[in-house]
>>> print(open('target27.pdb').read())   # PDB, C-alpha atoms and all ligand atoms
MODEL        1
ATOM      1  CA  MET A   1      -6.512 -28.075 -13.763
ATOM      2  CA  LEU A   2      -4.436 -30.992 -15.032
ATOM      3  CA  ARG A   3      -5.843 -33.235 -17.734
ATOM      4  CA  ILE A   4      -4.588 -35.844 -20.199
ATOM      5  CA  ILE A   5      -5.598 -35.487 -23.854
ATOM      6  CA  LYS A   6      -4.686 -37.141 -27.138
ATOM      7  CA  GLU A   7      -2.211 -34.937 -28.960
ATOM      8  CA  THR A   8      -3.709 -32.591 -31.559
ATOM      9  CA  LYS A   9      -1.935 -30.482 -34.166
ATOM     10  CA  GLU A  10      -2.338 -27.197 -32.340
ATOM     11  CA  TYR A  11      -0.082 -28.534 -29.558
ATOM     12  CA  TYR A  12       2.701 -29.971 -31.747
ATOM     13  CA  HIS A  13       5.255 -27.240 -31.131
ATOM     14  CA  GLN A  14       4.410 -26.774 -27.459
ATOM     15  CA  ALA A  15       4.703 -30.528 -26.905
ATOM     16  CA  GLU A  16       8.119 -30.643 -28.603
ATOM     17  CA  LYS A  17       9.231 -27.745 -26.404
ATOM     18  CA  CYS A  18       8.148 -29.704 -23.344
ATOM     19  CA  ILE A  19      10.039 -32.801 -24.512
ATOM     20  CA  GLN A  20      13.108 -30.671 -25.213
ATOM     21  CA  LYS A  21      13.012 -29.192 -21.699
ATOM     22  CA  ALA A  22      12.541 -32.643 -20.149
ATOM     23  CA  PHE A  23      15.514 -34.235 -21.942
ATOM     24  CA  TRP A  24      17.863 -31.259 -22.225
ATOM     25  CA  ASN A  25      21.331 -32.189 -20.880
ATOM     26  CA  VAL A  26      19.945 -35.326 -19.186
ATOM     27  CA  TYR A  27      21.445 -38.070 -21.380
ATOM     28  CA  MET A  28      23.837 -35.974 -23.505
ATOM     29  CA  PRO A  29      24.768 -32.296 -23.802
ATOM     30  CA  GLY A  30      21.554 -30.892 -25.335
ATOM     31  CA  CYS A  31      19.097 -33.503 -26.606
ATOM     32  CA  GLU A  32      17.477 -34.871 -29.759
ATOM     33  CA  GLU A  33      14.144 -36.176 -28.496
ATOM     34  CA  HIS A  34      12.119 -33.106 -29.581
ATOM     35  CA  TYR A  35      13.361 -33.689 -33.142
ATOM     36  CA  LEU A  36      12.584 -37.397 -32.794
ATOM     37  CA  VAL A  37       8.963 -36.468 -32.010
ATOM     38  CA  TYR A  38       8.812 -34.262 -35.109
ATOM     39  CA  LYS A  39      10.243 -37.022 -37.341
ATOM     40  CA  MET A  40       8.210 -39.745 -35.744
ATOM     41  CA  ARG A  41       4.858 -38.139 -36.528
ATOM     42  CA  SER A  42       5.462 -38.792 -40.229
ATOM     43  CA  SER A  43       6.899 -42.291 -39.849
ATOM     44  CA  PRO A  44       4.697 -45.268 -40.848
ATOM     45  CA  GLU A  45       5.011 -46.861 -37.394
ATOM     46  CA  TYR A  46       3.698 -43.812 -35.538
ATOM     47  CA  VAL A  47       0.339 -44.282 -33.758
ATOM     48  CA  SER A  48      -1.363 -40.919 -33.290
ATOM     49  CA  ASN A  49      -4.017 -42.506 -31.066
ATOM     50  CA  LEU A  50      -1.255 -43.385 -28.607
ATOM     51  CA  SER A  51       0.198 -39.895 -28.265
ATOM     52  CA  PHE A  52      -0.897 -38.190 -25.105
ATOM     53  CA  LEU A  53      -0.264 -34.807 -23.556
ATOM     54  CA  ALA A  54      -0.624 -33.625 -19.979
ATOM     55  CA  LEU A  55      -2.078 -30.122 -19.997
ATOM     56  CA  ASP A  56      -2.065 -27.751 -17.056
ATOM     57  CA  ASP A  57      -4.525 -24.958 -17.826
ATOM     58  CA  GLY A  58      -3.914 -25.460 -21.543
ATOM     59  CA  TYR A  59      -0.122 -25.541 -21.180
ATOM     60  CA  VAL A  60       1.728 -28.744 -22.196
ATOM     61  CA  VAL A  61       3.627 -30.109 -19.186
ATOM     62  CA  GLY A  62       4.160 -33.719 -20.276
ATOM     63  CA  ALA A  63       3.982 -35.952 -23.344
ATOM     64  CA  ILE A  64       4.259 -39.592 -24.396
ATOM     65  CA  TYR A  65       4.467 -41.007 -27.926
ATOM     66  CA  GLY A  66       3.581 -44.480 -29.167
ATOM     67  CA  SER A  67       4.681 -46.448 -32.199
ATOM     68  CA  VAL A  68       4.374 -49.944 -33.588
ATOM     69  CA  ALA A  69       7.384 -52.217 -33.113
ATOM     70  CA  LYS A  70       8.082 -55.835 -33.933
ATOM     71  CA  TYR A  71       8.462 -58.707 -31.489
ATOM     72  CA  ASN A  72       9.539 -61.560 -33.720
ATOM     73  CA  SER A  73       6.774 -61.342 -36.338
ATOM     74  CA  ASP A  74       4.133 -59.821 -34.003
ATOM     75  CA  ASP A  75       3.175 -56.156 -34.103
ATOM     76  CA  ILE A  76       3.497 -54.814 -30.595
ATOM     77  CA  ILE A  77       3.785 -51.293 -29.169
ATOM     78  CA  THR A  78       6.636 -49.260 -27.788
ATOM     79  CA  PHE A  79       6.680 -45.769 -26.366
ATOM     80  CA  GLY A  80       9.132 -42.955 -26.287
ATOM     81  CA  PRO A  81       9.950 -40.308 -25.765
ATOM     82  CA  LEU A  82       8.121 -39.781 -22.477
ATOM     83  CA  GLY A  83       8.954 -36.471 -20.867
ATOM     84  CA  VAL A  84       7.632 -34.165 -18.168
ATOM     85  CA  ASP A  85       8.610 -30.494 -17.890
ATOM     86  CA  PRO A  86      11.223 -30.393 -15.087
ATOM     87  CA  LYS A  87       9.115 -27.831 -13.183
ATOM     88  CA  TYR A  88       6.279 -30.363 -13.067
ATOM     89  CA  GLN A  89       8.217 -33.559 -12.312
ATOM     90  CA  HIS A  90       7.629 -35.656  -9.152
ATOM     91  CA  GLN A  91       3.905 -34.858  -9.113
ATOM     92  CA  GLY A  92       2.643 -38.075 -10.687
ATOM     93  CA  ILE A  93       2.268 -36.668 -14.227
ATOM     94  CA  GLY A  94       4.594 -39.257 -15.779
ATOM     95  CA  GLU A  95       2.569 -41.948 -14.056
ATOM     96  CA  MET A  96      -0.729 -40.560 -15.382
ATOM     97  CA  LEU A  97       0.654 -40.534 -18.931
ATOM     98  CA  VAL A  98       1.994 -44.095 -18.737
ATOM     99  CA  GLN A  99      -1.253 -45.405 -17.203
ATOM    100  CA  GLU A 100      -3.328 -43.777 -19.940
ATOM    101  CA  PHE A 101      -0.945 -45.161 -22.538
ATOM    102  CA  ILE A 102      -1.197 -48.722 -21.202
ATOM    103  CA  LYS A 103      -4.999 -48.529 -20.960
ATOM    104  CA  GLU A 104      -5.411 -47.324 -24.548
ATOM    105  CA  THR A 105      -2.847 -49.784 -25.957
ATOM    106  CA  LYS A 106      -4.774 -52.626 -24.355
ATOM    107  CA  LYS A 107      -8.063 -51.269 -25.724
ATOM    108  CA  MET A 108      -6.556 -51.258 -29.213
ATOM    109  CA  GLY A 109      -5.905 -54.981 -28.850
ATOM    110  CA  TYR A 110      -2.104 -55.033 -28.747
ATOM    111  CA  LYS A 111      -0.651 -57.961 -26.826
ATOM    112  CA  ALA A 112       2.460 -56.341 -25.339
ATOM    113  CA  ILE A 113       4.522 -53.201 -24.847
ATOM    114  CA  VAL A 114       8.323 -53.339 -25.013
ATOM    115  CA  ILE A 115      10.447 -50.288 -24.188
ATOM    116  CA  THR A 116      13.926 -49.118 -23.449
ATOM    117  CA  GLY A 117      13.656 -46.839 -20.445
ATOM    118  CA  VAL A 118      14.829 -45.947 -16.942
ATOM    119  CA  PRO A 119      14.958 -49.402 -15.266
ATOM    120  CA  GLU A 120      13.961 -47.989 -11.857
ATOM    121  CA  TYR A 121      10.840 -46.218 -13.103
ATOM    122  CA  TYR A 122       8.795 -48.733 -15.060
ATOM    123  CA  PRO A 123       8.447 -51.812 -12.777
ATOM    124  CA  ARG A 124       5.726 -49.886 -10.857
ATOM    125  CA  PHE A 125       3.561 -50.228 -13.983
ATOM    126  CA  GLY A 126       4.212 -53.971 -14.237
ATOM    127  CA  PHE A 127       7.151 -53.888 -16.655
ATOM    128  CA  GLN A 128       9.622 -56.752 -16.210
ATOM    129  CA  ASN A 129      13.182 -56.869 -17.398
ATOM    130  CA  CYS A 130      14.284 -58.509 -20.615
ATOM    131  CA  TYR A 131      16.326 -61.195 -18.831
ATOM    132  CA  LYS A 132      13.183 -62.528 -17.188
ATOM    133  CA  LEU A 133      10.967 -62.287 -20.291
ATOM    134  CA  GLY A 134      13.532 -63.427 -22.867
ATOM    135  CA  ILE A 135      13.625 -60.220 -24.914
ATOM    136  CA  THR A 136      16.712 -59.292 -26.936
ATOM    137  CA  THR A 137      17.445 -56.557 -29.449
ATOM    138  CA  ASP A 138      18.141 -57.535 -33.050
ATOM    139  CA  ASP A 139      21.890 -57.674 -32.404
ATOM    140  CA  GLY A 140      21.253 -60.169 -29.606
ATOM    141  CA  THR A 141      21.957 -57.849 -26.685
ATOM    142  CA  GLN A 142      20.133 -57.483 -23.392
ATOM    143  CA  PHE A 143      20.444 -54.651 -20.892
ATOM    144  CA  PRO A 144      18.449 -53.530 -17.822
ATOM    145  CA  ALA A 145      16.663 -50.715 -19.705
ATOM    146  CA  LEU A 146      15.020 -53.230 -22.046
ATOM    147  CA  MET A 147      11.682 -54.137 -20.493
ATOM    148  CA  GLY A 148       8.348 -55.640 -21.417
ATOM    149  CA  LEU A 149       4.759 -55.604 -20.223
ATOM    150  CA  GLU A 150       2.300 -58.242 -21.343
ATOM    151  CA  LEU A 151      -1.222 -57.040 -22.092
ATOM    152  CA  GLU A 152      -2.438 -60.460 -23.176
ATOM    153  CA  LYS A 153      -1.876 -62.963 -20.411
ATOM    154  CA  GLY A 154       0.987 -65.321 -21.142
ATOM    155  CA  PHE A 155       2.293 -63.415 -24.170
ATOM    156  CA  PHE A 156       5.914 -63.745 -23.057
ATOM    157  CA  ASP A 157       5.573 -67.305 -21.703
ATOM    158  CA  ASN A 158       7.868 -69.592 -23.697
ATOM    159  CA  ASN A 159       8.094 -66.802 -26.255
ATOM    160  CA  PRO A 160      11.625 -65.415 -26.300
ATOM    161  CA  GLY A 161      11.919 -62.800 -28.980
ATOM    162  CA  VAL A 162      13.704 -60.076 -30.839
ATOM    163  CA  PHE A 163      12.480 -56.524 -30.360
ATOM    164  CA  GLN A 164      12.801 -54.099 -33.268
ATOM    165  CA  GLU A 165      11.876 -50.442 -33.042
ATOM    166  CA  ALA A 166      10.964 -48.209 -35.967
ATOM    167  CA  SER A 167      13.948 -47.012 -37.990
ATOM    168  CA  VAL A 168      13.179 -43.383 -37.067
ATOM    169  CA  PHE A 169      14.717 -44.077 -33.642
ATOM    170  CA  PHE A 170      18.084 -44.721 -35.297
ATOM    171  CA  SER A 171      18.115 -42.247 -38.144
ATOM    172  CA  LEU A 172      18.425 -38.866 -36.455
ATOM    173  CA  ASN A 173      21.084 -36.712 -38.013
ATOM    174  CA  ARG A 174      23.150 -34.381 -35.833
ATOM    175  CA  ASN A 175      23.028 -31.460 -38.286
ATOM    176  CA  GLU A 176      19.283 -31.792 -38.653
ATOM    177  CA  VAL A 177      18.887 -31.751 -34.863
ATOM    178  CA  GLU A 178      21.005 -28.585 -34.628
ATOM    179  CA  LYS A 179      18.979 -26.932 -37.378
ATOM    180  CA  TYR A 180      15.743 -27.885 -35.651
ATOM    181  CA  ASN A 181      16.987 -26.345 -32.399
ATOM    182  CA  SER A 182      16.853 -22.933 -34.074
ATOM    183  CA  PHE A 183      13.024 -23.117 -33.943
ATOM    184  CA  PHE A 184      13.218 -23.235 -30.126
ATOM    185  CA  PRO A 185      14.337 -20.732 -27.496
ATOM    186  CA  PRO A 186      18.112 -21.110 -26.984
ATOM    187  CA  LEU A 187      19.201 -23.451 -24.199
ATOM    188  CA  GLU A 188      22.739 -23.948 -22.940
ATOM    189  CA  LYS A 189      24.369 -27.317 -23.593
ATOM    190  CA  LYS A 190      26.222 -28.713 -20.587
ATOM    191  CA  ILE A 191      28.443 -31.713 -20.009
ATOM    192  CA  LEU A 192      27.078 -33.344 -16.867
ATOM    193  CA  PRO A 193      27.717 -36.583 -14.965
ATOM    194  CA  GLY A 194      25.469 -39.465 -15.968
ATOM    195  CA  GLN A 195      25.202 -38.517 -19.636
ATOM    196  CA  TRP A 196      25.776 -41.696 -21.608
ATOM    197  CA  LYS A 197      24.186 -41.078 -24.983
ATOM    198  CA  LYS A 198      26.243 -40.380 -28.073
ATOM    199  CA  GLN A 199      24.748 -38.152 -30.742
ATOM    200  CA  LYS A 200      24.627 -39.744 -34.170
ATOM    201  CA  LYS A 201      26.698 -38.306 -36.990
TER     202      LYS A 201
HETATM  203  C1  LIG A 301      10.986 -39.960 -16.107
HETATM  204  C2  LIG A 301       9.930 -38.848 -16.034
HETATM  205  C3  LIG A 301       9.038 -38.921 -17.257
HETATM  206  C4  LIG A 301       9.063 -39.101 -14.793
HETATM  207  O1  LIG A 301       8.048 -38.122 -14.751
HETATM  208  P1  LIG A 301       7.439 -37.616 -13.372
HETATM  209  O2  LIG A 301       6.158 -36.909 -13.673
HETATM  210  O3  LIG A 301       8.447 -36.889 -12.596
HETATM  211  O4  LIG A 301       7.147 -39.025 -12.678
HETATM  212  P2  LIG A 301       6.189 -39.366 -11.457
HETATM  213  O5  LIG A 301       5.863 -38.122 -10.682
HETATM  214  O6  LIG A 301       5.061 -40.181 -11.969
HETATM  215  O7  LIG A 301       7.107 -40.317 -10.602
HETATM  216  C5  LIG A 301       8.225 -39.803  -9.923
HETATM  217  C6  LIG A 301       9.016 -40.977  -9.389
HETATM  218  O8  LIG A 301       9.550 -41.704 -10.479
HETATM  219  C7  LIG A 301      10.851 -42.179 -10.166
HETATM  220  N1  LIG A 301      11.768 -41.612 -11.157
HETATM  221  C8  LIG A 301      11.557 -40.597 -12.002
HETATM  222  N2  LIG A 301      12.624 -40.420 -12.802
HETATM  223  C9  LIG A 301      13.526 -41.339 -12.444
HETATM  224  C10 LIG A 301      14.831 -41.660 -12.892
HETATM  225  N3  LIG A 301      15.438 -40.983 -13.883
HETATM  226  N4  LIG A 301      15.467 -42.678 -12.284
HETATM  227  C11 LIG A 301      14.883 -43.364 -11.298
HETATM  228  N5  LIG A 301      13.640 -43.105 -10.816
HETATM  229  C12 LIG A 301      12.973 -42.116 -11.400
HETATM  230  C13 LIG A 301      11.167 -41.744  -8.765
HETATM  231  O9  LIG A 301      10.784 -42.812  -7.919
HETATM  232  C14 LIG A 301      10.204 -40.575  -8.558
HETATM  233  O10 LIG A 301       9.839 -40.519  -7.211
HETATM  234  P3  LIG A 301      10.017 -39.168  -6.394
HETATM  235  O11 LIG A 301       9.077 -38.168  -7.007
HETATM  236  O12 LIG A 301       9.664 -39.586  -5.019
HETATM  237  O13 LIG A 301      11.468 -38.770  -6.583
HETATM  238  C15 LIG A 301      10.563 -37.451 -15.891
HETATM  239  O14 LIG A 301      11.431 -37.457 -14.796
HETATM  240  C16 LIG A 301      11.337 -36.967 -17.126
HETATM  241  O15 LIG A 301      10.777 -36.366 -18.027
HETATM  242  N6  LIG A 301      12.676 -37.211 -17.129
HETATM  243  C17 LIG A 301      13.558 -36.753 -18.192
HETATM  244  C18 LIG A 301      13.307 -37.495 -19.467
HETATM  245  C19 LIG A 301      13.345 -38.987 -19.271
HETATM  246  O16 LIG A 301      14.281 -39.530 -18.693
HETATM  247  N7  LIG A 301      12.303 -39.661 -19.768
HETATM  248  C20 LIG A 301      12.139 -41.092 -19.608
HETATM  249  C21 LIG A 301      13.024 -41.798 -20.513
HETATM  250  S1  LIG A 301      12.735 -43.527 -20.394
ENDMDL
END
>>> encode(input="target27.pdb", output="structure tokens", more="lines below")
Ligand SMILES: CC(C)(COP(=O)(O)OP(=O)(O)OC[C@H]1O[C@@H](n2cnc3c(N)ncnc32)[C@H](O)[C@@H]1OP(=O)(O)O)[C@@H](O)C(=O)NCCC(=O)NCCS
Amino acid sequence: MLRIIKETKEYYHQAEKCIQKAFWNVYMPGCEEHYLVYKMRSSPEYVSNLSFLALDDGYVVGAIYGSVAKYNSDDIITFGPLGVDPKYQHQGIGEMLVQEFIKETKKMGYKAIVITGVPEYYPRFGFQNCYKLGITTDDGTQFPALMGLELEKGFFDNNPGVFQEASVFFSLNRNEVEKYNSFFPPLEKKILPGQWKKQKK
């Protein structure tokens, strides 16, 4: 039976494995998101109460991770990575995780969620693009993957702002990622169409 739980320690490695499978070769040859999860758990912005797993008979098949971000001077929430084991995709598991995430973020009193994510996926949850809401990154750029969802009515009205994620999102080191891969079953790296992400040095 499928259920959504808050992440607990006993599932850490299984959840990272699931994230690795979800992202492997999707945006770059290999991936770094499983290492991001590991690093994120010890970053000050990480919110353990906003980390959810989808379990199928005790087996992790999906995961989502939340952290505090800044919107101008407000503390808001972002999520990522969100991943579903490829064998379990297209069954509504991603949707269940995002819905649970939104519900809990609202309960915690946060006024908005801002993410960078697949632009085609998130509008179904109410996310709107940055052009409409007036969101930019700290270097002043806007792009379709940058999206926001207000949890407090009117949060984005006349409130253009700069979105800043936790530094852990930008500080992954290529050698550390490679080293971390040795704790996981070997997977083949492939160069595939649609990969746009560059690994950091
Ligand atoms: C994105 C992801 C989490 C969705 O999980 P999921 O459980 O398959 O999602 P759901 O079953 O709730 O929804 C599936 C629908 O989402 C949409 N969708 C999913 N991934 C998409 C993508 N990359 N681009 C566009 N639409 C997408 C499609 O409409 C799909 O409909 P379909 O099943 O009729 O094809 C999953 O595909 C995944 O882990 N992808 C690899 C990692 C990733 O890209 N994570 C998100 C980064 S922002």
>>> closest_residue(input="target27.pdb", among="A:Glu16, A:Glu188, A:Asp85, A:Asp138", to="ligand LIG 301 (chain A)", atoms="all atoms listed in the file")
A:Asp85
>>> residues_around(input="target27.pdb", residues="Pro81 of chain A", least_positions_apart="6", cutoff="10 Å", atoms="all atoms listed in the file", output="number ranges by chain")
A: 19, 22-23, 33-34, 36-37, 63-66, 116-117, 169
>>> closest_residue(input="target27.pdb", among="A:Lys132, A:Lys179, A:Lys6, A:Arg174", to="Phe156 of chain A", atoms="all atoms listed in the file")
A:Lys132
>>> axis_aligned_box(input="target27.pdb", around="segment 60-70 of chain A", padding_each_side="5 Å", output="lines of an AutoDock Vina configuration file")
center_x = 4.9
center_y = -42.3
center_z = -26.6
size_x = 16.4
size_y = 37.1
size_z = 24.7
>>> residues_near_ligand(input="target27.pdb", ligand="ligand LIG 301 (chain A)", cutoff="9 Å", atoms="only C-alpha atoms and all ligand atoms", output="ChimeraX atom specification")
/A:18-24,26-27,62-64,79-86,88-98,115-122,145
>>> residues_around(input="target27.pdb", residues="segment 161-168 of chain A", least_positions_apart="4", cutoff="6 Å", atoms="all atoms listed in the file", output="PDB file with C-alpha atoms, in the frame of the given file")
ATOM      1  CA  ALA A  69       7.384 -52.217 -33.113  1.00  0.00           C
ATOM      2  CA  LYS A  70       8.082 -55.835 -33.933  1.00  0.00           C
ATOM      3  CA  TYR A  71       8.462 -58.707 -31.489  1.00  0.00           C
ATOM      4  CA  ASN A  72       9.539 -61.560 -33.720  1.00  0.00           C
ATOM      5  CA  ILE A 135      13.625 -60.220 -24.914  1.00  0.00           C
ATOM      6  CA  THR A 136      16.712 -59.292 -26.936  1.00  0.00           C
ATOM      7  CA  THR A 137      17.445 -56.557 -29.449  1.00  0.00           C
ATOM      8  CA  ASP A 138      18.141 -57.535 -33.050  1.00  0.00           C
TER       9      ASP A 138
END
>>> resolve_selection(input="target27.pdb", expression="the PyMOL selection byres (((chain A and resi 189-195) around 10) and not hetatm)", output="PyMOL selection string")
chain A and resi 24-31+186-188+196-198
>>> residues_near_point(input="target27.pdb", point="(-0.8, -23.2, -27.2)", cutoff="12 Å", atoms="only C-alpha atoms", output="JSON, numbers by chain")
{"A": [7, 8, 9, 10, 11, 12, 13, 14, 15, 16, 17, 18, 55, 56, 57, 58, 59, 60, 61]}
>>> resolve_selection(input="target27.pdb", expression="the PyMOL selection byres (((chain A and resi 104-108) around 12) and not hetatm)", output="ChimeraX atom specification")
/A:5-6,47-52,65-68,75-79,97-103,109-114,149-153
>>> atom_distance(input="target27.pdb", atom1="atom CA of Gly134 of chain A", atom2="atom CA of Asn159 of chain A")
7.2 Å
>>> atom_distance(input="target27.pdb", atom1="atom CA of Met147 of chain A", atom2="atom CA of Gln128 of chain A")
5.4 Å
>>> atom_distance(input="target27.pdb", atom1="atom CA of Leu2 of chain A", atom2="atom CA of Phe125 of chain A")
20.9 Å
>>> closest_residue(input="target27.pdb", among="A:Asn181, A:Thr141, A:Ser73, A:Asn129", to="Tyr38 of chain A", atoms="all atoms listed in the file")
A:Asn181
